[in-house]
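Reading through the structure tokens given below for one structure.
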Amino acid sequence: GSRAAQSRGKDAPFLSSFPSFFYISLYLSLYIEFQSRYPKRPSQRNTKYLPPNSPAQLRISSVSLPPSLHRPAEIMGNYRMCGCFVRKFSVIESGPPPDIADAFRKYTGGAPVMFPDQLRLFLAEHQGADDGTAGKIFAAILQKRHHLFSRHSLTLDDFYRYLFSPDLNPPTIADQVYQDMTKPLSHYFIYTGHNSYLTGNQLNSDCSDIPIIKALKRGVRVIELDIWPNSDKDEIHVLHGRTLTTPVEVLTCLRSIKEYAFVASPYPVIITLEDHLTTQLQAKVAQMIKDTFGEMLYCPDAECLEEFPSPEDLKYRIIISTKPPTEYLMGKSSTRKRSKSQKDKDSDDEIWGREAAADSTDRTDYELLSGTSDYKRLIAIQAGKAKSGLKQALRVDCAKVKRLSLSEQKLEKAAENHGEEVIRFTQKNILRVYPKGTRFTSSNYKPLVGWMHGAQMVAFNMQGYGRALWLMHGMFRSNGGCGYVKKPDLLMDPDKLFTPKSQLPVKKTLKVKVYAGDGWHLDFKQTHFDKYSPPDFYTRVGIAGVPDDVVMKKTRVKEDDWAPVWDEEFTFQLTVPELALLRIEVHEYDMSEKDDFGGQTCLPVSELRPGIRAVPLFNRKGEKYHSVKLLMRFQFV
């Protein structure tokens with residue numbers, strides 16, 4: 001009491017000087033407190049986007065809503081304004097959109113509860129699901145909702161919660177391999193990493209087996225190792241040459257690959273070696289590979305394969321791909337003889353410098369090759385670069401298959417000038433595309449250019465993040481996330497070669513409706529997006545694919561709402577739906593600064609499940625949020 005009196009006495013001059021300020025503050029505080037104590041009924045807010053007395057409004061009011069939907073919000077958000085005023089907001093979960101309430105009423109005949117047979121009919125007619133899944137889904141809903149009563153029926157709230165559950169109602173087809181896996185490797189897009197050992201940028205980050213482990217757990221099937229001799233030339237290190245990256249021992253990487261290779265997928269792991277070793281060290285690394293992988297290692301009987309084996313034939317096998325020692329030494333010789341005027345402007349040599357010779361001694365090539373037979377026998381997929389010209393490199397040899405590596409710039413030139421030759425080459429051989437040497441920050445390029453031309457190995461820096469990597473994640477969610485996605489038939493037709501830039505008729509129309517979003521208040525701090533009010537979310541929806549299909553659209557901004565309701569529909573006309581990816585991003589509108597990121601996902605259009613679906617969102621690095629999700633509807637017409 002005495003402390004309060006002292007405080008009043010101390011502040012008396014201030015109050016007498018500014019009486020209006022004091023009374024205004026008091027009035028605002030009382031008004032805000034009154035609003036927080038007596039909020040509007042949530043049911044009024046849930047349906048405020050509907051016209052008064054509309055059919056949808058009347059239908060919702062005619063259905064008995066469970067008590068949970070009429071309960072005032074329990075989560076309050078306080079935001080301080082100007083250091084003295086406090087604004088209070090209620091986090092109120094949205095009720096079922098009109099489409100869901102209509103569907104519930106339609107399949108229940110207007111009754112307040114839904115029975116298993118009615119759910120089965122809804123799944124078959126509205127969601128395109130098999131009859132056999134209805135019973136499991138019904139039981140899972142009841143178990144998840146923890147009902148004490150009415151265990152043999154679903155309320156509208158149960159029905160809505162089921163539709164808004166990514167676990168029970170995912171947006172894409174079942175998480176299992178369903179494509180034909182018996183075709184040659186050249187018939188598949190393969191999940192491919194670039195400089196897989198780097199933890200960060202390309203210049204001075206650490207080299208480690210941890211990024212390799214993370215990539216394998218995600219389902220990546222191609223791991224790249226740059227192998228170099230140490231300073232004494234008696235041991236082998238993995239590092240990005242001629243940079244400040246710290247090395248890691250090659251044996252550490254090999255052992256980690258063996259341990260984690262088949263955690264996410266049973267299909268083969270390909271190790272691409274960028275070899276900068278002497279012949280003695282080539283023999284040493286060959287022995288390490290044999291000792292580490294043993295029977296897991298795939299070593300073909302023939303020196304050159306006429307056709308690649310299939311992923312099914314190579315289950316649980318490790319495959320080595322690099323340049324054969326003969327071609328390696330010849331390439332070194334030709335590099336030394338090449339004049340400056342002949343130097344390829346796109347080569348990484350301009351960035352990182354020329355590679356060192358295979359051996360610093362004066363021995364002949366014959367002597368150098370004599371110790372490489374063991375190393376050569378390990379190479380199942382022989383690799384090379386377009387040293388003698390792009391057109392020559394793209395020629396198809398009927399007697400053997402190979403892997404060709406092109407930088408992203410060379411691929412763009414090849415696509416522009418030799419598009420049909422590139423597609424014909426990839427029908428039988430493997431094309432690997434890698435980032436240009438100036439991507440020091442481990443950024444990535446547009447993967448669709450490679451995929452549109454049949455490139456199987458579009459190599460990405462998996463340790464980075466960004467929209468290009470989100471597309472990569474989206475593509476390889478296909479086929480159960482096994483790391484191998486069968487190329488569309490249009491890329492494998494030898495008689496009618498696909499031309500990505502040609503004008504094609506619309507093959508399929510996709511309608512996407514964005515109902516609502518939820519979960520941000522559970523995964524983010526209250527002031528993460530805005531210090532003074534709840535976030536203002538909007539959703540961007542678009543297509544990545546062939547040039548004619550690329551488009552991006554967005555919803556309106558929903559102000560001051562942790563659980564926004566948009567209820568907006570978009571239409572996309574697709575000429576090549578087989579290569580289309582549905583891009584979804586949520587952002588928080590900021591008038592004064594760059595909009596904040598609120599989540600993203602990328603889904604293969606060919607695997608979208610029709611109907612109303614729950615779509616989980618991911619952060620910038622591609623890691624799934626615990627709670628953030630969207631409620632959407634997909635229709636093909």
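Residues in the structure tokens are named by chain (A, B, ... in the order shown) and by number from 1 within that chain; ligands are numbered from 1 in the order shown.
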* Within 12 Å of Arg317 in chain A, counting only C-alpha atoms, which residues show up once you throw out same-chain ones fewer than 4 positions away? Write them as number ranges by chain, please. => A: 221, 257-258, 261-262, 265-271, 293-300, 309-313, 380
For the selection you just gave me, I'd like the residues written to a file as a compact mmCIF listing (two decimals), in the first residue's frame, keeping C-alpha atoms.
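New file result.txt:
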# COMPACT_ATOMS: atom_id res chain seq x y z
CA ARG A 221 20.22 -42.34 -54.52
CA ILE A 257 27.07 -44.92 -47.11
CA LYS A 258 27.04 -48.63 -46.33
CA ALA A 261 22.23 -46.59 -48.03
CA PHE A 262 18.96 -48.48 -47.76
CA SER A 265 14.75 -47.08 -50.10
CA PRO A 266 15.84 -50.57 -51.20
CA TYR A 267 16.84 -49.38 -54.66
CA PRO A 268 20.49 -49.00 -55.70
CA VAL A 269 22.81 -46.26 -54.50
CA ILE A 270 25.20 -44.89 -57.12
CA ILE A 271 28.49 -43.37 -55.95
CA PHE A 293 30.80 -53.06 -49.48
CA GLY A 294 31.74 -56.65 -50.24
CA GLU A 295 28.83 -58.50 -51.88
CA MET A 296 26.75 -55.31 -52.00
CA LEU A 297 29.01 -54.00 -54.77
CA TYR A 298 27.72 -54.43 -58.31
CA CYS A 299 30.56 -55.31 -60.70
CA PRO A 300 29.39 -56.26 -64.21
CA PRO A 309 20.20 -53.15 -65.54
CA SER A 310 16.95 -52.18 -63.83
CA PRO A 311 16.45 -50.77 -60.32
CA GLU A 312 14.61 -53.97 -59.44
CA ASP A 313 17.61 -56.09 -60.46
CA ALA A 380 29.80 -50.22 -63.50
* Skipping near chain neighbours, those fewer than 2 positions away, what residues fall within 12 Å of Asp117 in chain A using only C-alpha atoms, listed as a list in words? ->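 After dropping sequence-adjacent residues, the list is Tyr107, Thr108, Val113, Met114, Phe115, Leu119, Arg120, Leu121, Phe122, Leu123, Ala124, Asp131, Gly132, Thr133, Ala134, Gly135, Ile137, Phe138, His152, Ser153 and Leu154 of chain A.
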Residues of range 437-515 of chain A that have any atom at most 10 Å from an atom of range 397-412 of chain A: could you tabulate them with the shortest-distance atom pair and the distance in Å to one decimal, using only C-alpha atoms, ordered by chain and increasing number, as CSV?
residue,atom,partner,partner_atom,distance
A:Gly437,CA,A:Ser407,CA,8.6
A:Asn444,CA,A:Glu408,CA,9.6
A:Tyr445,CA,A:Glu408,CA,7.4
A:Lys446,CA,A:Glu408,CA,8.9
A:Pro447,CA,A:Glu408,CA,9.3
A:Val449,CA,A:Glu412,CA,7.4
A:Gly450,CA,A:Leu411,CA,7.4
A:His453,CA,A:Leu411,CA,9.2
A:Ala455,CA,A:Leu411,CA,9.5
A:Gln456,CA,A:Arg403,CA,9.8
A:Met457,CA,A:Ser405,CA,9.0
A:Val458,CA,A:Glu408,CA,9.2
A:Ala459,CA,A:Glu408,CA,9.6
Let me see the file: selected residues, all heavy atoms, as a short mmCIF file (atom, residue, chain, number, x, y, z; two decimals), in the first residue's frame.
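Full text of selection_26.cif as output:
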data_model
loop_
_atom_site.label_atom_id
_atom_site.label_comp_id
_atom_site.auth_asym_id
_atom_site.auth_seq_id
_atom_site.Cartn_x
_atom_site.Cartn_y
_atom_site.Cartn_z
N GLY A 437 30.09 -23.55 -61.60
CA GLY A 437 31.09 -23.36 -60.56
C GLY A 437 30.96 -22.09 -59.75
O GLY A 437 31.57 -21.97 -58.69
N ASN A 444 21.07 -23.57 -56.20
CA ASN A 444 20.76 -24.54 -57.25
C ASN A 444 20.11 -23.86 -58.45
O ASN A 444 19.79 -22.66 -58.41
CB ASN A 444 19.83 -25.63 -56.69
CG ASN A 444 20.55 -26.55 -55.72
OD1 ASN A 444 21.48 -27.25 -56.10
ND2 ASN A 444 20.13 -26.54 -54.46
N TYR A 445 19.91 -24.61 -59.49
CA TYR A 445 19.37 -24.12 -60.75
C TYR A 445 17.99 -24.73 -60.98
O TYR A 445 17.49 -25.52 -60.17
CB TYR A 445 20.30 -24.49 -61.91
CG TYR A 445 20.68 -25.96 -61.94
CD1 TYR A 445 20.02 -26.85 -62.77
CD2 TYR A 445 21.68 -26.47 -61.11
CE1 TYR A 445 20.34 -28.21 -62.79
CE2 TYR A 445 22.01 -27.82 -61.11
CZ TYR A 445 21.34 -28.67 -61.94
OH TYR A 445 21.65 -30.01 -61.95
N LYS A 446 17.34 -24.35 -62.08
CA LYS A 446 16.00 -24.86 -62.37
C LYS A 446 16.10 -26.32 -62.86
O LYS A 446 16.69 -26.58 -63.91
CB LYS A 446 15.32 -24.00 -63.43
CG LYS A 446 15.06 -22.57 -62.97
CD LYS A 446 14.42 -21.75 -64.07
CE LYS A 446 14.17 -20.32 -63.62
NZ LYS A 446 13.58 -19.50 -64.71
N PRO A 447 15.51 -27.25 -62.13
CA PRO A 447 15.66 -28.66 -62.51
C PRO A 447 14.81 -29.07 -63.70
O PRO A 447 15.10 -30.07 -64.35
CB PRO A 447 15.21 -29.40 -61.25
CG PRO A 447 14.23 -28.48 -60.60
CD PRO A 447 14.73 -27.10 -60.89
N VAL A 449 14.51 -27.93 -66.67
CA VAL A 449 15.21 -27.96 -67.96
C VAL A 449 15.81 -29.34 -68.19
O VAL A 449 15.71 -29.92 -69.28
CB VAL A 449 16.29 -26.88 -68.03
CG1 VAL A 449 17.04 -26.95 -69.36
CG2 VAL A 449 15.69 -25.50 -67.84
N GLY A 450 16.44 -29.90 -67.17
CA GLY A 450 17.01 -31.23 -67.28
C GLY A 450 15.94 -32.30 -67.43
O GLY A 450 16.04 -33.17 -68.30
N HIS A 453 14.23 -32.68 -70.79
CA HIS A 453 15.07 -33.27 -71.83
C HIS A 453 15.57 -34.67 -71.45
O HIS A 453 16.50 -35.19 -72.06
CB HIS A 453 16.25 -32.35 -72.14
CG HIS A 453 15.83 -31.09 -72.85
ND1 HIS A 453 15.39 -29.97 -72.17
CD2 HIS A 453 15.75 -30.78 -74.16
CE1 HIS A 453 15.07 -29.02 -73.03
NE2 HIS A 453 15.28 -29.49 -74.25
N ALA A 455 17.08 -35.84 -68.70
CA ALA A 455 18.27 -36.03 -67.86
C ALA A 455 17.90 -36.78 -66.59
O ALA A 455 17.05 -36.33 -65.82
CB ALA A 455 18.89 -34.68 -67.53
N GLN A 456 18.57 -37.90 -66.38
CA GLN A 456 18.25 -38.75 -65.22
C GLN A 456 18.82 -38.19 -63.93
O GLN A 456 18.18 -38.23 -62.88
CB GLN A 456 18.79 -40.17 -65.44
CG GLN A 456 18.14 -40.92 -66.58
CD GLN A 456 18.81 -40.65 -67.92
OE1 GLN A 456 19.66 -39.77 -68.05
NE2 GLN A 456 18.43 -41.42 -68.93
N MET A 457 20.05 -37.69 -63.97
CA MET A 457 20.74 -37.22 -62.77
C MET A 457 20.85 -35.70 -62.80
O MET A 457 21.81 -35.14 -63.34
CB MET A 457 22.14 -37.85 -62.67
CG MET A 457 22.14 -39.35 -62.52
SD MET A 457 23.84 -39.98 -62.33
CE MET A 457 23.54 -41.74 -62.17
N VAL A 458 19.87 -35.03 -62.25
CA VAL A 458 19.92 -33.58 -62.09
C VAL A 458 20.50 -33.34 -60.70
O VAL A 458 19.80 -33.43 -59.69
CB VAL A 458 18.53 -32.94 -62.24
CG1 VAL A 458 18.58 -31.45 -62.00
CG2 VAL A 458 17.98 -33.24 -63.64
N ALA A 459 21.82 -33.07 -60.65
CA ALA A 459 22.56 -33.05 -59.39
C ALA A 459 22.36 -31.73 -58.67
O ALA A 459 22.56 -30.65 -59.25
CB ALA A 459 24.05 -33.29 -59.64
#
* Find the distance between CA of His528 in chain A and CA of Val565 in chain A and write it in Å to one decimal. =>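 Computing the Euclidean distance for CA of His528 in chain A and CA of Val565 in chain A yields 20.1 Å.
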* Asked: Which parts of range 383-504 of chain A does DSSP call strand (DSSP E) when run on the backbone here, written out as a list in words?
  ->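 For range 383-504 of chain A, the strand (DSSP E) set is Ala383, Gly384, Lys385, Arg403, Leu404, Ser405, Leu406, Ser407, Ile430, Leu431, Arg432, Val433, Tyr434, Met457, Val458, Tyr484, Val485 and Lys486 of chain A.
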* Who sits within 7 Å of Leu239 in chain A, only C-alpha atoms, same chain under 2 positions skipped, as a PyMOL selection string -> chain A and resi 207+226-227+237+241+245-248
